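Below: one structure, written as structure tokens.
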Amino acid sequence: MKILVIAAPTDQRGRIDELMSAAYAAANGTECEIGVVLTGESHDAASLQGADRIYRIENVLGAAFYADELVRVAEQACALLSPALVLLTGDALGQQVAPRIAIRRRAAYVSGCCGFERNDSGELTFVRPVYGGKALEVVGSTASCTIVSIKAKAFLAIERRPTDAQVETLRLVRDERPTGVTRLHTDAQSAHGGPSLEEAAVIVSGGKGLGSAEGFGLLRRLADVLGGAVGASRAAVDAGWIASACQVGQTGTTVGPELYIAVGISGAVQHLAGIGASKQIVAINTDEEAPIFGVADVAVVGDYSRIVPALIAELTEKRA
């Protein structure tokens with residue numbers, strides 16, 4: 001079986017590590033060839049360890065590119081290489097691109113995959129969360145090619161065998177006329193000079209309990225002290241207090257930081273589904289019955305406008 005990983009120009013090492021770990025999990029000791037298609041210039045060699053083949057394209061995509069361009073590249077790569085399994089990240093870009101590739105290639109599509117299993121016949125099946133992460137379903141595919149978007153943080157980086165990967169150049173037909181209406185630019189986090197939600201080790205998220213958009217200024221100060229990113233619940237985004245790129249949850253970005261601080265977030269099931277991979281969760285809320293406390297490792301009941309400034313002052317003093 002040939003497995004093909006599509007590395008978008010915006011995929012940093014952490015994301016590619018997850019994709020490579022997912023490829024290893026799918027192979028699971030069977031005779032598989034793992035190839036990686038590099039569509040950008042910034043991918044480091046360490047993240048590609050374990051690949052049997054590395055495919056570079058003649059005209060790489062820039063940091064800001066049309067989603068249609070990535071669809072074109074991935075579709076042509078699939079046509080040339082005939083993989084049985086194609087893996088992409090499950091972020092906003094991957095969710096947009098993967099089904100379009102599947103339609104063009106007449107392939108099967110599995111979204112939000114968080115695991116692989118083999119059935120009694122030895123065929124590969126796919127595990128994905130349903131009902132807001134409350135249950136898992138196992139689906140199969142009889143198609144000759146299956147396009148899969150990988151749920152963020154579902155596959156931890158694993159030690160991969162060193163390989164002497166063959167590097168090849170793919171000569172693709174280039175369309176100079178961008179037809180898409182979606183162009184990828186620097187995300188909201190990077191605009192502030194901080195890490196992205198997917199890469200951040202610490203995330204400070206705010207919800208409707210902040211009371212206004214001004215509350216996010218306080219959370220950004222805390223995030224800056226911790227070297228983290230700022231996130232938000234859907235309620236805060238819908239209220240217009242913060243950009244939609246900061247939304248965390250099932251309908252936003254799925255995250256798995258070392259520390260997730262939820263401030264004024266009640267804990268809707270869709271939000272909890274997106275933070276389940278977090279190593280430690282700290283919740284600050286005035287409502288003792290808030291569902292977020294049911295998953296929190298540390299629960300703080302109180303007014304965030306008094307707690308967060310005190311926390312910032314304490315952390316700043318310790319780091320002085």
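Ligands are numbered from 1 in the order shown, chains are lettered A, B, ... in the order of the structure tokens, and residues start at 1 in each chain.
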Review point. Counting only C-alpha atoms, what is within 10 Å of A:Ser278, bar same-chain residues fewer than 2 positions away, as a ChimeraX atom specification?
Key: /A:153,201-203,254-261,274-276,280-281
Exercise for review: Apply DSSP to the backbone of this structure and, from stretch 31-163 of chain A, keep only the residues in strand (DSSP E or B); write these as a ChimeraX atom specification.
Suggested key: /A:33-38,53-57,66,85-89,108-113,115-118,124-130,135-139,146-150
Review point. Which residues come within 10 Å of A:Lys208, counting only C-alpha atoms, excluding same-chain residues fewer than 5 positions away, as a count of residues only?
Key: 15
Check your understanding: How many Å separate atom CA of A:Leu222 from atom CA of A:Thr316?
Key -> 9.6 Å
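Nearest to A:Leu70 of all the residues A:Glu117, A:Val225, A:Leu172, A:His271 is A:Leu172, based on only C-alpha atoms.
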Review point. Taking only C-alpha atoms into account, which of A:Ala165, A:Leu170, A:Val71, A:Val130 comes nearest A:Val37?
Key: A:Leu170
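When atom CA of A:Glu198 is paired with atom CA of A:Ile147, their separation reads 21.6 Å.
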Check your understanding: If you count only C-alpha atoms, which residues fall within 8 Å of A:Ala8, apart from same-chain ones fewer than 6 positions away, as a count of residues only?
Key -> 4
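Interatomic distance, atom CA of A:Ala108 against atom CA of A:Cys78: 13.1 Å.
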